Amino acid sequence: MKSKIIISGGSGLVGKQVADQMARTGYEVHLVSRRPSAQSTPNVHEHVAPSDDWPAIVASIKPAVAISCLGTTIRTAGSRAAFRAVDHDLVLAFAEASHKAGTQHFITVSSVGTIPASSNFYLRTKAEMEQGLCDIGFQRLDIMRPSLLTGGKRDAHRPGEALGILLSPLADRLMIGSMRKYASTPSHILAQAIAALADRPDEGVFIHENDSIRALAG
């Protein structure tokens with residue numbers, strides 16, 4: 001058995017795929033979420049609890065690597081405040097609990113186009129989340145910045161996202177040169193890339209956009 005891994009957001013599209021990838025390669029995988037994921041893969045242990053209980057769960061597991069696949073949209077969350085509570089506050093609370101438990105490697109799913117001074121609330125929130133993670137002081141921090149995620153079965157129906165996925169094969173052909181980072185990212189490729197990072201020994205902060213994500217996935 002390899003190292004212990006904990007994943008928050010394990011009931012979502014990417015979280016489920018990451019858990020499956022890592023369990024199949026021998027990691028002891030723990031999912032922490034607020035609702036069941038229906039995950040039945042061997043070596044995957046699910047912990048369904050209110051987010052206030054997550055620090056105690058993380059402390060009991062003492063994972064070598066913590067992975068945040070948490071994410072929602074303003075439309076799904078219902079307000080900007082509710083969106084920020086998940087994509088910023090909950091991510092950082094999970095990260096802080098992991099660091100306190102001794103975890104020195106953290107991986108998070110962010111978004112392409114993230115910049116601190118963005119006028120876009122979504123991207124600005126993601127940037128502030130990334131900075132908050134940097135401030136915690138992990139030995140290694142991997143920030144995944146995929147574009148529109150395609151593939152896989154989603155629990156929530158998002159009309160705008162569905163249209164983007166439908167048009168992505170055409171739009172991706174226009175993404176050349178520096179625009180390649182905005183091409184769609186298959187969710188299983190992102191999951192493979194995250195799994196490939198789990199045993200990286202080098203220290204520092206690493207940002208992965210489309211080209212890097214695809215290279216990691218092999």
# chains A, B, ... in the order shown; residues from 1 in each chain; ligands from 1
$ closest_atom_pairs --of "stretch 32-133 of chain A" --to "stretch 193-200 of chain A" --cutoff "10 Å" --atoms "only C-alpha atoms" --output "tab-separated table"
residue	atom	partner	partner_atom	distance
A:Ala64	CA	A:Ala198	CA	8.9
A:Val65	CA	A:Ala198	CA	6.7
A:Ala66	CA	A:Ala198	CA	9.0
A:Ile67	CA	A:Ile194	CA	8.4
A:His105	CA	A:Ala198	CA	8.0
A:Phe106	CA	A:Ala198	CA	8.9
A:Ile107	CA	A:Ile194	CA	7.4
A:Thr108	CA	A:Ile194	CA	8.8
A:Val109	CA	A:Ile194	CA	9.0
$ closest_residue --among "A:Arg24, A:Arg124, A:Arg214, A:Arg145" --to "A:Arg84" --atoms "only C-alpha atoms"
A:Arg124
$ closest_residue --among "A:Lys181, A:Lys16, A:His188, A:Arg80" --to "A:Ser68" --atoms "only C-alpha atoms"
A:Lys16
$ select_by_dssp --residues "chain A" --states "alpha helix (DSSP H)" --output "short mmCIF file (atom, residue, chain, number, x, y, z; two decimals) with N, CA, C and O atoms, in the first residue's frame"
data_model
loop_
_atom_site.label_atom_id
_atom_site.label_comp_id
_atom_site.auth_asym_id
_atom_site.auth_seq_id
_atom_site.Cartn_x
_atom_site.Cartn_y
_atom_site.Cartn_z
N LEU A 13 -17.36 15.49 -10.10
CA LEU A 13 -16.86 14.87 -11.32
C LEU A 13 -15.38 14.52 -11.23
O LEU A 13 -14.98 13.37 -11.41
N VAL A 14 -14.53 15.50 -10.94
CA VAL A 14 -13.09 15.28 -10.92
C VAL A 14 -12.68 14.48 -9.69
O VAL A 14 -11.85 13.57 -9.77
N GLY A 15 -13.28 14.78 -8.55
CA GLY A 15 -12.93 14.07 -7.32
C GLY A 15 -13.11 12.57 -7.43
O GLY A 15 -12.26 11.79 -7.00
N LYS A 16 -14.22 12.14 -8.03
CA LYS A 16 -14.47 10.71 -8.21
C LYS A 16 -13.41 10.08 -9.10
O LYS A 16 -12.92 8.98 -8.84
N GLN A 17 -13.05 10.78 -10.17
CA GLN A 17 -12.09 10.23 -11.11
C GLN A 17 -10.68 10.18 -10.50
O GLN A 17 -9.92 9.22 -10.74
N VAL A 18 -10.33 11.19 -9.72
CA VAL A 18 -9.04 11.19 -9.05
C VAL A 18 -8.97 10.03 -8.05
O VAL A 18 -7.97 9.30 -7.98
N ALA A 19 -10.03 9.85 -7.27
CA ALA A 19 -10.07 8.77 -6.29
C ALA A 19 -9.89 7.41 -6.97
O ALA A 19 -9.12 6.56 -6.50
N ASP A 20 -10.56 7.22 -8.08
CA ASP A 20 -10.46 5.95 -8.81
C ASP A 20 -9.04 5.74 -9.34
O ASP A 20 -8.46 4.66 -9.20
N GLN A 21 -8.48 6.79 -9.94
CA GLN A 21 -7.11 6.71 -10.47
C GLN A 21 -6.11 6.33 -9.38
O GLN A 21 -5.25 5.45 -9.57
N MET A 22 -6.21 6.98 -8.24
CA MET A 22 -5.21 6.78 -7.19
C MET A 22 -5.40 5.47 -6.47
O MET A 22 -4.42 4.80 -6.09
N ALA A 23 -6.65 5.05 -6.28
CA ALA A 23 -6.89 3.77 -5.62
C ALA A 23 -6.37 2.61 -6.47
O ALA A 23 -5.84 1.64 -5.94
N ARG A 24 -6.53 2.73 -7.78
CA ARG A 24 -6.10 1.66 -8.67
C ARG A 24 -4.58 1.55 -8.75
O ARG A 24 -4.05 0.53 -9.19
N TRP A 54 -14.59 18.21 9.32
CA TRP A 54 -13.47 17.76 8.48
C TRP A 54 -12.11 17.84 9.17
O TRP A 54 -11.30 16.92 9.01
N PRO A 55 -11.80 18.91 9.93
CA PRO A 55 -10.48 18.96 10.56
C PRO A 55 -10.18 17.75 11.44
O PRO A 55 -9.05 17.23 11.43
N ALA A 56 -11.17 17.27 12.19
CA ALA A 56 -10.95 16.11 13.04
C ALA A 56 -10.72 14.86 12.20
O ALA A 56 -9.89 14.00 12.55
N ILE A 57 -11.42 14.74 11.08
CA ILE A 57 -11.25 13.59 10.19
C ILE A 57 -9.85 13.61 9.58
O ILE A 57 -9.15 12.59 9.55
N VAL A 58 -9.44 14.78 9.10
CA VAL A 58 -8.11 14.91 8.50
C VAL A 58 -7.04 14.59 9.54
O VAL A 58 -6.06 13.88 9.24
N ALA A 59 -7.21 15.08 10.75
CA ALA A 59 -6.23 14.85 11.81
C ALA A 59 -6.08 13.36 12.13
O ALA A 59 -4.98 12.89 12.43
N SER A 60 -7.19 12.63 12.05
CA SER A 60 -7.14 11.20 12.36
C SER A 60 -6.47 10.39 11.26
O SER A 60 -5.90 9.33 11.51
N ILE A 61 -6.52 10.89 10.03
CA ILE A 61 -5.95 10.17 8.88
C ILE A 61 -4.47 10.49 8.69
O ILE A 61 -3.68 9.63 8.32
N ILE A 74 -21.43 30.26 -9.28
CA ILE A 74 -22.29 31.23 -8.61
C ILE A 74 -23.75 30.86 -8.82
O ILE A 74 -24.57 30.94 -7.90
N ARG A 75 -24.09 30.38 -10.02
CA ARG A 75 -25.46 29.99 -10.32
C ARG A 75 -25.91 28.83 -9.43
O ARG A 75 -27.01 28.85 -8.85
N THR A 76 -25.06 27.82 -9.31
CA THR A 76 -25.40 26.65 -8.49
C THR A 76 -25.44 27.01 -7.01
O THR A 76 -26.34 26.58 -6.28
N ALA A 77 -24.46 27.80 -6.56
CA ALA A 77 -24.39 28.17 -5.14
C ALA A 77 -25.54 29.09 -4.74
O ALA A 77 -26.00 29.05 -3.60
N ARG A 80 -23.00 35.13 -4.74
CA ARG A 80 -21.55 35.28 -4.71
C ARG A 80 -20.99 34.83 -3.36
O ARG A 80 -19.94 34.20 -3.29
N ALA A 81 -21.70 35.18 -2.29
CA ALA A 81 -21.23 34.82 -0.95
C ALA A 81 -21.19 33.30 -0.77
O ALA A 81 -20.23 32.76 -0.20
N ALA A 82 -22.21 32.62 -1.25
CA ALA A 82 -22.26 31.17 -1.13
C ALA A 82 -21.19 30.51 -1.98
O ALA A 82 -20.58 29.50 -1.59
N PHE A 83 -20.93 31.07 -3.17
CA PHE A 83 -19.86 30.56 -4.03
C PHE A 83 -18.51 30.72 -3.33
O PHE A 83 -17.71 29.77 -3.28
N ARG A 84 -18.25 31.89 -2.78
CA ARG A 84 -16.96 32.14 -2.12
C ARG A 84 -16.78 31.22 -0.90
O ARG A 84 -15.66 30.79 -0.60
N VAL A 91 -12.04 25.59 0.79
CA VAL A 91 -10.75 25.08 0.29
C VAL A 91 -9.64 25.41 1.27
O VAL A 91 -8.82 24.55 1.63
N LEU A 92 -9.60 26.65 1.74
CA LEU A 92 -8.55 27.06 2.67
C LEU A 92 -8.68 26.38 4.03
O LEU A 92 -7.68 26.02 4.65
N ALA A 93 -9.91 26.18 4.49
CA ALA A 93 -10.12 25.49 5.76
C ALA A 93 -9.62 24.05 5.67
O ALA A 93 -8.98 23.53 6.61
N PHE A 94 -9.90 23.39 4.55
CA PHE A 94 -9.42 22.02 4.33
C PHE A 94 -7.89 22.00 4.26
O PHE A 94 -7.24 21.11 4.83
N ALA A 95 -7.32 22.97 3.57
CA ALA A 95 -5.86 23.04 3.45
C ALA A 95 -5.20 23.28 4.81
O ALA A 95 -4.19 22.65 5.14
N GLU A 96 -5.76 24.19 5.58
CA GLU A 96 -5.19 24.48 6.90
C GLU A 96 -5.27 23.27 7.82
O GLU A 96 -4.33 22.97 8.57
N ALA A 97 -6.39 22.54 7.75
CA ALA A 97 -6.54 21.32 8.56
C ALA A 97 -5.52 20.27 8.14
O ALA A 97 -4.94 19.57 8.98
N SER A 98 -5.29 20.17 6.83
CA SER A 98 -4.31 19.20 6.31
C SER A 98 -2.91 19.55 6.76
O SER A 98 -2.14 18.68 7.21
N HIS A 99 -2.55 20.84 6.66
CA HIS A 99 -1.21 21.27 7.07
C HIS A 99 -1.01 21.04 8.56
O HIS A 99 0.07 20.58 8.99
N LYS A 100 -2.02 21.32 9.34
CA LYS A 100 -1.94 21.11 10.79
C LYS A 100 -1.76 19.63 11.12
O LYS A 100 -1.11 19.28 12.11
N PHE A 121 -15.51 38.23 -10.81
CA PHE A 121 -15.57 37.77 -9.42
C PHE A 121 -15.11 36.34 -9.27
O PHE A 121 -14.39 35.99 -8.33
N TYR A 122 -15.51 35.47 -10.20
CA TYR A 122 -15.13 34.06 -10.16
C TYR A 122 -13.61 33.91 -10.18
O TYR A 122 -13.02 33.24 -9.33
N LEU A 123 -12.97 34.55 -11.15
CA LEU A 123 -11.52 34.43 -11.30
C LEU A 123 -10.77 35.12 -10.16
O LEU A 123 -9.72 34.63 -9.72
N ARG A 124 -11.29 36.23 -9.69
CA ARG A 124 -10.65 36.92 -8.57
C ARG A 124 -10.71 36.06 -7.31
O ARG A 124 -9.73 35.99 -6.54
N THR A 125 -11.84 35.40 -7.08
CA THR A 125 -11.97 34.52 -5.92
C THR A 125 -10.99 33.36 -6.01
O THR A 125 -10.36 32.98 -5.01
N LYS A 126 -10.85 32.79 -7.20
CA LYS A 126 -9.89 31.70 -7.39
C LYS A 126 -8.47 32.18 -7.11
O LYS A 126 -7.67 31.46 -6.50
N ALA A 127 -8.15 33.37 -7.56
CA ALA A 127 -6.81 33.93 -7.32
C ALA A 127 -6.55 34.12 -5.83
O ALA A 127 -5.45 33.83 -5.33
N GLU A 128 -7.54 34.60 -5.12
CA GLU A 128 -7.38 34.80 -3.68
C GLU A 128 -7.25 33.46 -2.95
O GLU A 128 -6.51 33.35 -1.96
N MET A 129 -7.94 32.45 -3.46
CA MET A 129 -7.79 31.10 -2.90
C MET A 129 -6.37 30.60 -3.11
O MET A 129 -5.73 30.07 -2.19
N GLU A 130 -5.85 30.76 -4.32
CA GLU A 130 -4.48 30.33 -4.62
C GLU A 130 -3.47 31.02 -3.71
O GLU A 130 -2.55 30.39 -3.18
N GLN A 131 -3.62 32.32 -3.52
CA GLN A 131 -2.70 33.07 -2.66
C GLN A 131 -2.79 32.58 -1.22
O GLN A 131 -1.78 32.44 -0.52
N GLY A 132 -4.01 32.29 -0.78
CA GLY A 132 -4.19 31.77 0.57
C GLY A 132 -3.48 30.45 0.77
O GLY A 132 -2.87 30.21 1.83
N LEU A 133 -3.50 29.61 -0.25
CA LEU A 133 -2.79 28.33 -0.17
C LEU A 133 -1.28 28.55 -0.10
O LEU A 133 -0.58 27.87 0.65
N CYS A 134 -0.79 29.49 -0.89
CA CYS A 134 0.64 29.80 -0.86
C CYS A 134 1.07 30.27 0.53
O CYS A 134 2.16 29.95 1.00
N ASP A 135 0.21 31.02 1.18
CA ASP A 135 0.52 31.58 2.49
C ASP A 135 0.58 30.52 3.59
O ASP A 135 1.21 30.74 4.64
N ILE A 136 -0.08 29.39 3.39
CA ILE A 136 -0.10 28.34 4.42
C ILE A 136 1.28 27.74 4.61
O ILE A 136 1.68 27.40 5.73
N PRO A 159 -26.77 24.67 -17.85
CA PRO A 159 -27.03 24.92 -19.27
C PRO A 159 -25.87 25.59 -20.01
O PRO A 159 -25.50 25.18 -21.10
N GLY A 160 -25.26 26.62 -19.40
CA GLY A 160 -24.15 27.31 -20.06
C GLY A 160 -22.96 26.39 -20.25
O GLY A 160 -22.31 26.39 -21.30
N GLU A 161 -22.67 25.58 -19.23
CA GLU A 161 -21.56 24.64 -19.31
C GLU A 161 -21.85 23.58 -20.37
O GLU A 161 -20.95 23.20 -21.13
N ALA A 162 -23.09 23.11 -20.42
CA ALA A 162 -23.46 22.09 -21.41
C ALA A 162 -23.28 22.60 -22.83
O ALA A 162 -22.80 21.88 -23.72
N LEU A 163 -23.65 23.87 -23.06
CA LEU A 163 -23.48 24.46 -24.39
C LEU A 163 -21.99 24.58 -24.72
O LEU A 163 -21.57 24.30 -25.86
N GLY A 164 -21.19 24.99 -23.75
CA GLY A 164 -19.75 25.11 -23.96
C GLY A 164 -19.12 23.78 -24.32
O GLY A 164 -18.27 23.70 -25.22
N ILE A 165 -19.56 22.71 -23.66
CA ILE A 165 -19.03 21.37 -23.94
C ILE A 165 -19.43 20.94 -25.35
O ILE A 165 -18.62 20.36 -26.09
N LEU A 166 -20.66 21.26 -25.75
CA LEU A 166 -21.14 20.91 -27.08
C LEU A 166 -20.31 21.59 -28.17
O LEU A 166 -19.99 20.99 -29.20
N LEU A 167 -19.94 22.84 -27.92
CA LEU A 167 -19.21 23.63 -28.91
C LEU A 167 -17.68 23.46 -28.81
O LEU A 167 -16.96 23.95 -29.68
N SER A 168 -17.22 22.80 -27.76
CA SER A 168 -15.78 22.75 -27.50
C SER A 168 -14.95 22.13 -28.63
O SER A 168 -13.84 22.61 -28.90
N PRO A 169 -15.41 21.08 -29.33
CA PRO A 169 -14.57 20.54 -30.41
C PRO A 169 -14.24 21.58 -31.48
O PRO A 169 -13.12 21.62 -32.01
N LEU A 170 -15.20 22.44 -31.80
CA LEU A 170 -14.98 23.50 -32.77
C LEU A 170 -14.11 24.61 -32.19
O LEU A 170 -13.15 25.06 -32.82
N ALA A 171 -14.43 25.03 -30.97
CA ALA A 171 -13.68 26.12 -30.34
C ALA A 171 -12.23 25.74 -30.11
O ALA A 171 -11.33 26.57 -30.27
N ASP A 172 -11.99 24.47 -29.76
CA ASP A 172 -10.62 24.04 -29.46
C ASP A 172 -9.70 24.18 -30.68
O ASP A 172 -8.49 24.40 -30.53
N SER A 187 -11.97 15.78 -18.32
CA SER A 187 -11.88 15.58 -16.87
C SER A 187 -10.98 14.40 -16.51
O SER A 187 -10.27 14.44 -15.50
N HIS A 188 -10.98 13.35 -17.33
CA HIS A 188 -10.16 12.20 -17.00
C HIS A 188 -8.66 12.52 -17.17
O HIS A 188 -7.82 11.96 -16.46
N ILE A 189 -8.35 13.44 -18.09
CA ILE A 189 -6.96 13.87 -18.26
C ILE A 189 -6.50 14.65 -17.03
O ILE A 189 -5.38 14.47 -16.53
N LEU A 190 -7.36 15.52 -16.53
CA LEU A 190 -7.05 16.27 -15.31
C LEU A 190 -6.83 15.31 -14.14
O LEU A 190 -5.88 15.47 -13.37
N ALA A 191 -7.70 14.31 -14.02
CA ALA A 191 -7.57 13.33 -12.94
C ALA A 191 -6.25 12.57 -13.04
O ALA A 191 -5.57 12.34 -12.03
N GLN A 192 -5.88 12.18 -14.25
CA GLN A 192 -4.62 11.46 -14.44
C GLN A 192 -3.43 12.34 -14.07
O GLN A 192 -2.45 11.88 -13.47
N ALA A 193 -3.50 13.61 -14.42
CA ALA A 193 -2.42 14.55 -14.10
C ALA A 193 -2.27 14.72 -12.59
O ALA A 193 -1.15 14.73 -12.07
N ILE A 194 -3.38 14.86 -11.90
CA ILE A 194 -3.33 15.00 -10.44
C ILE A 194 -2.72 13.75 -9.80
O ILE A 194 -1.87 13.84 -8.92
N ALA A 195 -3.15 12.59 -10.27
CA ALA A 195 -2.62 11.33 -9.74
C ALA A 195 -1.11 11.23 -9.97
O ALA A 195 -0.37 10.73 -9.11
N ALA A 196 -0.65 11.73 -11.12
CA ALA A 196 0.78 11.66 -11.45
C ALA A 196 1.62 12.56 -10.56
O ALA A 196 2.83 12.34 -10.40
N LEU A 197 1.00 13.57 -9.96
CA LEU A 197 1.75 14.51 -9.11
C LEU A 197 1.92 14.04 -7.68
O LEU A 197 2.73 14.59 -6.94
N ASN A 210 -3.12 23.87 -19.43
CA ASN A 210 -3.47 22.76 -20.32
C ASN A 210 -2.29 21.92 -20.80
O ASN A 210 -2.32 20.69 -20.72
N ASP A 211 -1.24 22.57 -21.32
CA ASP A 211 -0.11 21.80 -21.85
C ASP A 211 0.53 20.95 -20.76
O ASP A 211 0.87 19.78 -20.98
N SER A 212 0.73 21.54 -19.60
CA SER A 212 1.35 20.82 -18.49
C SER A 212 0.45 19.69 -18.01
O SER A 212 0.93 18.58 -17.70
N ILE A 213 -0.84 19.95 -17.92
CA ILE A 213 -1.80 18.93 -17.48
C ILE A 213 -1.77 17.71 -18.42
O ILE A 213 -1.71 16.56 -17.99
N ARG A 214 -1.77 17.98 -19.71
CA ARG A 214 -1.76 16.89 -20.69
C ARG A 214 -0.43 16.14 -20.65
O ARG A 214 -0.39 14.92 -20.82
N ALA A 215 0.66 16.85 -20.44
CA ALA A 215 1.96 16.19 -20.36
C ALA A 215 2.05 15.28 -19.15
O ALA A 215 2.58 14.17 -19.22
N LEU A 216 1.53 15.74 -18.03
CA LEU A 216 1.53 14.93 -16.82
C LEU A 216 0.69 13.68 -16.98
O LEU A 216 1.03 12.60 -16.48
N ALA A 217 -0.43 13.81 -17.69
CA ALA A 217 -1.33 12.67 -17.89
C ALA A 217 -0.72 11.63 -18.82
O ALA A 217 -1.15 10.48 -18.86
#
